[in-house]
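Chemist: My questions will all concern the structure given below.
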Amino acid sequence: MTELPAFYDDLEGCLAEAWRRLEEGAAHQSGFHAPALATIGRDGAPRLRTVVLRGVDRAARTLRVHCDARSDKAAEIAADPRVALHAYDAKAKLQVRIEGAARLHGQDAVARAAWTASRPMSRICYGTIPGPGTPLPAGGAYALPQDEAAAEAGFSEFRVVVLTAARLEFLYLARQGHRRASFTWDGAGASATWLAP
Ligand SMILES: Cc1cc2nc3c(=O)[nH]c(=O)nc-3n(C[C@H](O)[C@H](O)[C@H](O)COP(=O)(O)O)c2cc1C
């Protein structure tokens, strides 16, 4: 049987492993690089999409992703900041689910720092005309900025989503017995518990 990891029966170790995997996902390609972000649709129904994890700050319990101000997700977060994020790494046999509140940053210091750190090929996406989600008469009936100077105009549409985790759920799959744990942070402080898988 596969050897069990050090965090297997260690509640705090499970939390540390979840943050470690998220940090790794933000740094480079891994199972946690492109999680799913859920928002609440304007009609109250759930909305889900893949996003790239751009940054993680475990001390602040925040995760950072980027989006276009004209996208549905930006409008949904502006209307209701409650979001959820899901990541699963099949190799690590680890699922992490996060729930919390998201804040949108545009045209501020947070957005400028993220924009400056972005690669030119990423910045170009924010200059799409017409905006994301607009119905098109043909698949290719949209335009992208043709050079870096034109791409700079996309900054006005660039938004940084900062998600602050209020709850993190950890699930590790093992033949010897799965391990599931829940971590919550609220006005009363932090709490953690094992859960039946
Ligand atoms: C691998 C992958 C990574 C993606 N990363 C992002 C991202 O970081 N930000 C983003 O807004 N959309 C990203 N998308 C596109 C979204 O999944 C989605 O199709 C698009 O943003 C429209 O979503 P919305 O209409 O719910 O706003 C990504 C899609 C894939 C397949």
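Each chain in the structure tokens gets a letter, A, B, ..., in the order shown, and its residues are numbered from 1; ligands are numbered from 1 in order too.
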Report as a tab-separated table the residues of chain A within 12 Å of ligand 1, each with its shortest atom pair and distance in Å (one decimal), using only C-alpha atoms and all ligand atoms, ordered by chain and increasing residue number.
Modeler:
residue	atom	partner	partner_atom_place_in_ligand_line	distance
A:Ala26	CA	ligand 1	8 (O)	10.9
A:Gln29	CA	ligand 1	1 (C)	10.5
A:Ser30	CA	ligand 1	1 (C)	11.6
A:Gly31	CA	ligand 1	1 (C)	11.2
A:Phe32	CA	ligand 1	1 (C)	11.0
A:His33	CA	ligand 1	1 (C)	8.5
A:Ala34	CA	ligand 1	1 (C)	5.7
A:Pro35	CA	ligand 1	3 (C)	8.2
A:Ala36	CA	ligand 1	17 (O)	7.9
A:Leu37	CA	ligand 1	17 (O)	8.5
A:Ala38	CA	ligand 1	26 (O)	8.5
A:Thr39	CA	ligand 1	26 (O)	8.2
A:Ile40	CA	ligand 1	26 (O)	10.1
A:Gly41	CA	ligand 1	26 (O)	8.9
A:Arg42	CA	ligand 1	26 (O)	11.4
A:Pro46	CA	ligand 1	26 (O)	10.2
A:Arg47	CA	ligand 1	26 (O)	6.5
A:Leu48	CA	ligand 1	26 (O)	6.5
A:Arg49	CA	ligand 1	17 (O)	4.2
A:Thr50	CA	ligand 1	17 (O)	3.9
A:Val51	CA	ligand 1	5 (N)	3.4
A:Val52	CA	ligand 1	8 (O)	3.8
A:Leu53	CA	ligand 1	8 (O)	6.7
A:Arg54	CA	ligand 1	8 (O)	7.7
A:Gly55	CA	ligand 1	8 (O)	11.1
A:Leu63	CA	ligand 1	8 (O)	12.0
A:Arg64	CA	ligand 1	8 (O)	9.3
A:Val65	CA	ligand 1	8 (O)	5.7
A:His66	CA	ligand 1	9 (N)	5.0
A:Cys67	CA	ligand 1	11 (O)	3.6
A:Asp68	CA	ligand 1	11 (O)	5.9
A:Ala69	CA	ligand 1	27 (O)	8.9
A:Arg70	CA	ligand 1	27 (O)	8.0
A:Ser71	CA	ligand 1	27 (O)	4.2
A:Asp72	CA	ligand 1	27 (O)	3.9
A:Lys73	CA	ligand 1	27 (O)	3.8
A:Ala74	CA	ligand 1	27 (O)	6.4
A:Ala75	CA	ligand 1	27 (O)	8.1
A:Glu76	CA	ligand 1	27 (O)	8.3
A:Ile77	CA	ligand 1	27 (O)	9.8
A:Ala78	CA	ligand 1	27 (O)	12.0
A:Ser118	CA	ligand 1	8 (O)	11.4
A:Ser122	CA	ligand 1	8 (O)	9.3
A:Arg123	CA	ligand 1	8 (O)	11.4
A:Cys125	CA	ligand 1	11 (O)	9.4
A:Tyr126	CA	ligand 1	11 (O)	9.5
A:Gly131	CA	ligand 1	25 (O)	10.3
A:Pro132	CA	ligand 1	22 (C)	6.7
A:Gly133	CA	ligand 1	25 (O)	5.9
A:Thr134	CA	ligand 1	25 (O)	9.6
A:Pro135	CA	ligand 1	25 (O)	11.7
A:Glu157	CA	ligand 1	11 (O)	11.2
A:Phe158	CA	ligand 1	11 (O)	9.5
A:Arg159	CA	ligand 1	11 (O)	8.9
A:Val160	CA	ligand 1	9 (N)	9.4
A:Val161	CA	ligand 1	9 (N)	9.3
Chemist: Keeping only C-alpha atoms, write those residues as an mmCIF file, in the first residue's frame.
Modeler:
data_model
loop_
_atom_site.group_PDB
_atom_site.id
_atom_site.type_symbol
_atom_site.label_atom_id
_atom_site.label_comp_id
_atom_site.auth_asym_id
_atom_site.auth_seq_id
_atom_site.Cartn_x
_atom_site.Cartn_y
_atom_site.Cartn_z
ATOM 1 C CA ALA A 26 -0.066 29.828 -8.076
ATOM 2 C CA GLN A 29 1.587 24.360 -13.483
ATOM 3 C CA SER A 30 0.209 21.777 -11.053
ATOM 4 C CA GLY A 31 -3.124 20.251 -10.222
ATOM 5 C CA PHE A 32 -3.995 23.410 -8.321
ATOM 6 C CA HIS A 33 -2.966 25.873 -11.065
ATOM 7 C CA ALA A 34 -6.419 26.184 -12.634
ATOM 8 C CA PRO A 35 -9.166 25.758 -10.035
ATOM 9 C CA ALA A 36 -12.887 26.326 -10.572
ATOM 10 C CA LEU A 37 -14.395 29.530 -9.208
ATOM 11 C CA ALA A 38 -18.089 29.620 -8.361
ATOM 12 C CA THR A 39 -20.173 32.758 -8.051
ATOM 13 C CA ILE A 40 -23.851 33.403 -7.493
ATOM 14 C CA GLY A 41 -25.559 34.341 -10.770
ATOM 15 C CA ARG A 42 -27.739 37.438 -10.965
ATOM 16 C CA PRO A 46 -24.701 28.947 -9.324
ATOM 17 C CA ARG A 47 -22.120 29.865 -11.989
ATOM 18 C CA LEU A 48 -18.831 28.004 -12.366
ATOM 19 C CA ARG A 49 -15.701 28.494 -14.495
ATOM 20 C CA THR A 50 -11.993 27.657 -14.627
ATOM 21 C CA VAL A 51 -9.581 30.400 -13.570
ATOM 22 C CA VAL A 52 -5.818 30.605 -13.159
ATOM 23 C CA LEU A 53 -4.640 30.969 -9.589
ATOM 24 C CA ARG A 54 -2.287 33.980 -9.655
ATOM 25 C CA GLY A 55 -1.346 34.409 -6.020
ATOM 26 C CA LEU A 63 -6.240 33.897 -3.104
ATOM 27 C CA ARG A 64 -5.864 36.069 -6.208
ATOM 28 C CA VAL A 65 -7.270 35.583 -9.671
ATOM 29 C CA HIS A 66 -7.642 37.978 -12.618
ATOM 30 C CA CYS A 67 -10.652 38.738 -14.787
ATOM 31 C CA ASP A 68 -12.189 41.263 -17.163
ATOM 32 C CA ALA A 69 -14.484 43.953 -15.693
ATOM 33 C CA ARG A 70 -16.954 43.216 -18.523
ATOM 34 C CA SER A 71 -17.243 39.489 -17.649
ATOM 35 C CA ASP A 72 -20.258 37.939 -15.952
ATOM 36 C CA LYS A 73 -18.134 36.847 -13.000
ATOM 37 C CA ALA A 74 -17.080 40.444 -12.287
ATOM 38 C CA ALA A 75 -20.704 41.617 -12.332
ATOM 39 C CA GLU A 76 -21.744 38.684 -10.145
ATOM 40 C CA ILE A 77 -19.021 39.368 -7.557
ATOM 41 C CA ALA A 78 -19.913 43.067 -7.528
ATOM 42 C CA SER A 118 1.486 39.993 -15.894
ATOM 43 C CA SER A 122 -1.978 37.826 -20.707
ATOM 44 C CA ARG A 123 -2.580 41.604 -20.896
ATOM 45 C CA CYS A 125 -6.905 39.444 -23.381
ATOM 46 C CA TYR A 126 -8.250 42.526 -21.583
ATOM 47 C CA GLY A 131 -16.220 42.463 -24.309
ATOM 48 C CA PRO A 132 -16.306 38.858 -23.045
ATOM 49 C CA GLY A 133 -19.675 37.140 -23.341
ATOM 50 C CA THR A 134 -20.966 39.388 -26.163
ATOM 51 C CA PRO A 135 -22.850 37.315 -28.804
ATOM 52 C CA GLU A 157 -10.945 46.512 -17.937
ATOM 53 C CA PHE A 158 -8.482 44.530 -15.807
ATOM 54 C CA ARG A 159 -9.789 43.353 -12.436
ATOM 55 C CA VAL A 160 -8.066 41.504 -9.610
ATOM 56 C CA VAL A 161 -10.318 39.247 -7.573
#
Chemist: Extract the full set of alpha helix (DSSP H) residues from range 24-120 of chain A according to DSSP on the backbone, and format it as a ChimeraX atom specification.
Modeler: /A:24-27,72-79,109-117,120
Chemist: Kindly export the residues of the current selection with N, CA, C and O atoms, as a PDB file, in the first residue's frame.
Modeler:
ATOM      1  N   GLU A  24       1.789  26.355  -4.491  1.00  0.00           N
ATOM      2  CA  GLU A  24       2.464  25.686  -5.613  1.00  0.00           C
ATOM      3  C   GLU A  24       1.674  25.916  -6.914  1.00  0.00           C
ATOM      4  O   GLU A  24       2.249  26.179  -7.969  1.00  0.00           O
ATOM      5  N   GLY A  25       0.352  25.843  -6.808  1.00  0.00           N
ATOM      6  CA  GLY A  25      -0.508  26.058  -7.977  1.00  0.00           C
ATOM      7  C   GLY A  25      -0.384  27.470  -8.528  1.00  0.00           C
ATOM      8  O   GLY A  25      -0.464  27.691  -9.734  1.00  0.00           O
ATOM      9  N   ALA A  26      -0.210  28.439  -7.632  1.00  0.00           N
ATOM     10  CA  ALA A  26      -0.066  29.828  -8.076  1.00  0.00           C
ATOM     11  C   ALA A  26       1.308  30.066  -8.701  1.00  0.00           C
ATOM     12  O   ALA A  26       1.458  30.912  -9.577  1.00  0.00           O
ATOM     13  N   ALA A  27       2.291  29.294  -8.258  1.00  0.00           N
ATOM     14  CA  ALA A  27       3.664  29.504  -8.735  1.00  0.00           C
ATOM     15  C   ALA A  27       3.908  28.879 -10.105  1.00  0.00           C
ATOM     16  O   ALA A  27       4.639  29.421 -10.920  1.00  0.00           O
ATOM     17  N   ASP A  72     -19.151  38.235 -16.869  1.00  0.00           N
ATOM     18  CA  ASP A  72     -20.258  37.939 -15.952  1.00  0.00           C
ATOM     19  C   ASP A  72     -19.754  37.780 -14.522  1.00  0.00           C
ATOM     20  O   ASP A  72     -20.389  38.249 -13.574  1.00  0.00           O
ATOM     21  N   LYS A  73     -18.612  37.110 -14.371  1.00  0.00           N
ATOM     22  CA  LYS A  73     -18.134  36.847 -13.000  1.00  0.00           C
ATOM     23  C   LYS A  73     -17.878  38.141 -12.245  1.00  0.00           C
ATOM     24  O   LYS A  73     -18.149  38.230 -11.054  1.00  0.00           O
ATOM     25  N   ALA A  74     -17.351  39.152 -12.952  1.00  0.00           N
ATOM     26  CA  ALA A  74     -17.080  40.444 -12.287  1.00  0.00           C
ATOM     27  C   ALA A  74     -18.391  41.083 -11.828  1.00  0.00           C
ATOM     28  O   ALA A  74     -18.483  41.583 -10.697  1.00  0.00           O
ATOM     29  N   ALA A  75     -19.398  41.031 -12.691  1.00  0.00           N
ATOM     30  CA  ALA A  75     -20.704  41.617 -12.332  1.00  0.00           C
ATOM     31  C   ALA A  75     -21.322  40.840 -11.174  1.00  0.00           C
ATOM     32  O   ALA A  75     -21.927  41.431 -10.264  1.00  0.00           O
ATOM     33  N   GLU A  76     -21.156  39.520 -11.205  1.00  0.00           N
ATOM     34  CA  GLU A  76     -21.744  38.684 -10.145  1.00  0.00           C
ATOM     35  C   GLU A  76     -21.072  38.953  -8.795  1.00  0.00           C
ATOM     36  O   GLU A  76     -21.751  39.055  -7.773  1.00  0.00           O
ATOM     37  N   ILE A  77     -19.751  39.088  -8.806  1.00  0.00           N
ATOM     38  CA  ILE A  77     -19.021  39.368  -7.557  1.00  0.00           C
ATOM     39  C   ILE A  77     -19.387  40.757  -7.033  1.00  0.00           C
ATOM     40  O   ILE A  77     -19.550  40.953  -5.826  1.00  0.00           O
ATOM     41  N   ALA A  78     -19.534  41.706  -7.950  1.00  0.00           N
ATOM     42  CA  ALA A  78     -19.913  43.067  -7.528  1.00  0.00           C
ATOM     43  C   ALA A  78     -21.290  43.058  -6.870  1.00  0.00           C
ATOM     44  O   ALA A  78     -21.538  43.800  -5.919  1.00  0.00           O
ATOM     45  N   ALA A  79     -22.181  42.179  -7.368  1.00  0.00           N
ATOM     46  CA  ALA A  79     -23.545  42.137  -6.824  1.00  0.00           C
ATOM     47  C   ALA A  79     -23.624  41.307  -5.547  1.00  0.00           C
ATOM     48  O   ALA A  79     -24.437  41.587  -4.658  1.00  0.00           O
ATOM     49  N   ALA A 109      -3.895  50.330  -6.652  1.00  0.00           N
ATOM     50  CA  ALA A 109      -2.514  49.863  -6.511  1.00  0.00           C
ATOM     51  C   ALA A 109      -2.427  48.342  -6.646  1.00  0.00           C
ATOM     52  O   ALA A 109      -1.461  47.812  -7.214  1.00  0.00           O
ATOM     53  N   VAL A 110      -3.442  47.635  -6.142  1.00  0.00           N
ATOM     54  CA  VAL A 110      -3.450  46.166  -6.234  1.00  0.00           C
ATOM     55  C   VAL A 110      -3.516  45.749  -7.706  1.00  0.00           C
ATOM     56  O   VAL A 110      -2.772  44.877  -8.169  1.00  0.00           O
ATOM     57  N   ALA A 111      -4.420  46.400  -8.461  1.00  0.00           N
ATOM     58  CA  ALA A 111      -4.565  46.074  -9.886  1.00  0.00           C
ATOM     59  C   ALA A 111      -3.295  46.446 -10.653  1.00  0.00           C
ATOM     60  O   ALA A 111      -2.831  45.683 -11.503  1.00  0.00           O
ATOM     61  N   ARG A 112      -2.712  47.596 -10.344  1.00  0.00           N
ATOM     62  CA  ARG A 112      -1.511  48.031 -11.069  1.00  0.00           C
ATOM     63  C   ARG A 112      -0.349  47.048 -10.833  1.00  0.00           C
ATOM     64  O   ARG A 112       0.362  46.667 -11.768  1.00  0.00           O
ATOM     65  N   ALA A 113      -0.183  46.601  -9.577  1.00  0.00           N
ATOM     66  CA  ALA A 113       0.913  45.673  -9.277  1.00  0.00           C
ATOM     67  C   ALA A 113       0.712  44.352 -10.023  1.00  0.00           C
ATOM     68  O   ALA A 113       1.661  43.795 -10.588  1.00  0.00           O
ATOM     69  N   ALA A 114      -0.522  43.865 -10.055  1.00  0.00           N
ATOM     70  CA  ALA A 114      -0.797  42.594 -10.744  1.00  0.00           C
ATOM     71  C   ALA A 114      -0.625  42.760 -12.255  1.00  0.00           C
ATOM     72  O   ALA A 114      -0.097  41.872 -12.929  1.00  0.00           O
ATOM     73  N   TRP A 115      -1.050  43.899 -12.784  1.00  0.00           N
ATOM     74  CA  TRP A 115      -0.928  44.181 -14.230  1.00  0.00           C
ATOM     75  C   TRP A 115       0.542  44.230 -14.640  1.00  0.00           C
ATOM     76  O   TRP A 115       0.959  43.633 -15.632  1.00  0.00           O
ATOM     77  N   THR A 116       1.335  44.926 -13.830  1.00  0.00           N
ATOM     78  CA  THR A 116       2.765  45.064 -14.128  1.00  0.00           C
ATOM     79  C   THR A 116       3.460  43.706 -14.114  1.00  0.00           C
ATOM     80  O   THR A 116       4.350  43.441 -14.912  1.00  0.00           O
ATOM     81  N   ALA A 117       3.003  42.819 -13.205  1.00  0.00           N
ATOM     82  CA  ALA A 117       3.629  41.501 -13.089  1.00  0.00           C
ATOM     83  C   ALA A 117       3.111  40.518 -14.145  1.00  0.00           C
ATOM     84  O   ALA A 117       3.658  39.422 -14.287  1.00  0.00           O
ATOM     85  N   PRO A 120       2.889  40.082 -21.215  1.00  0.00           N
ATOM     86  CA  PRO A 120       2.199  40.813 -22.286  1.00  0.00           C
ATOM     87  C   PRO A 120       1.090  39.977 -22.935  1.00  0.00           C
ATOM     88  O   PRO A 120       0.015  40.500 -23.232  1.00  0.00           O
TER      89      PRO A 120
END
Chemist: Just the residues within 10 Å of Ala192 in chain A, please, counting only C-alpha atoms, with nothing from its chain fewer than 4 positions along; format it as a ChimeraX atom specification.
Modeler: /A:11-12,15,167-169,181-185
Chemist: Which of these, A:Gly44, A:Gly106, A:Pro81, A:Gly187, has the shortest distance to Leu163 in chain A once you count only C-alpha atoms?
Modeler: A:Pro81
Chemist: Where does DSSP see strand (DSSP E) in chain A, if you list the residues as a PyMOL selection string?
Modeler: chain A and resi 36-40+46-50+55-57+62-68+82-89+94-105+158-172+179-186+189-195
Chemist: Do you know which residues are at most 8 Å from Ala166 in chain A counting only C-alpha atoms, after dropping those on the same chain fewer than 3 positions away, and could you put them as a ChimeraX atom specification?
Modeler: /A:98-101,184-186
Chemist: Can you spit out the residues from that selection as a PDB file, in the first residue's frame, using N, CA and C atoms?
Modeler:
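Wrote it out as again.pdb, contents follow:
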ATOM      1  N   ILE A  98     -12.840  25.933  -1.013  1.00  0.00           N
ATOM      2  CA  ILE A  98     -12.757  27.165  -0.221  1.00  0.00           C
ATOM      3  C   ILE A  98     -14.025  27.975  -0.427  1.00  0.00           C
ATOM      4  N   GLU A  99     -14.519  28.538   0.653  1.00  0.00           N
ATOM      5  CA  GLU A  99     -15.661  29.458   0.557  1.00  0.00           C
ATOM      6  C   GLU A  99     -15.257  30.764   1.217  1.00  0.00           C
ATOM      7  N   GLY A 100     -15.740  31.861   0.684  1.00  0.00           N
ATOM      8  CA  GLY A 100     -15.393  33.141   1.286  1.00  0.00           C
ATOM      9  C   GLY A 100     -15.987  34.298   0.530  1.00  0.00           C
ATOM     10  N   ALA A 101     -15.420  35.469   0.782  1.00  0.00           N
ATOM     11  CA  ALA A 101     -15.902  36.690   0.133  1.00  0.00           C
ATOM     12  C   ALA A 101     -14.817  37.210  -0.802  1.00  0.00           C
ATOM     13  N   THR A 184     -12.455  26.756   9.708  1.00  0.00           N
ATOM     14  CA  THR A 184     -13.263  27.967   9.543  1.00  0.00           C
ATOM     15  C   THR A 184     -12.648  29.136  10.303  1.00  0.00           C
ATOM     16  N   TRP A 185     -12.872  30.309   9.751  1.00  0.00           N
ATOM     17  CA  TRP A 185     -12.388  31.544  10.372  1.00  0.00           C
ATOM     18  C   TRP A 185     -13.553  32.515  10.403  1.00  0.00           C
ATOM     19  N   ASP A 186     -13.900  32.985  11.610  1.00  0.00           N
ATOM     20  CA  ASP A 186     -14.965  33.982  11.705  1.00  0.00           C
ATOM     21  C   ASP A 186     -14.639  34.937  12.848  1.00  0.00           C
TER      22      ASP A 186
END
Chemist: In Å, rounded to a single decimal, give me how far CA of Gln107 in chain A is from CA of Val83 in chain A.
Modeler: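 So the answer is 22.1 Å.
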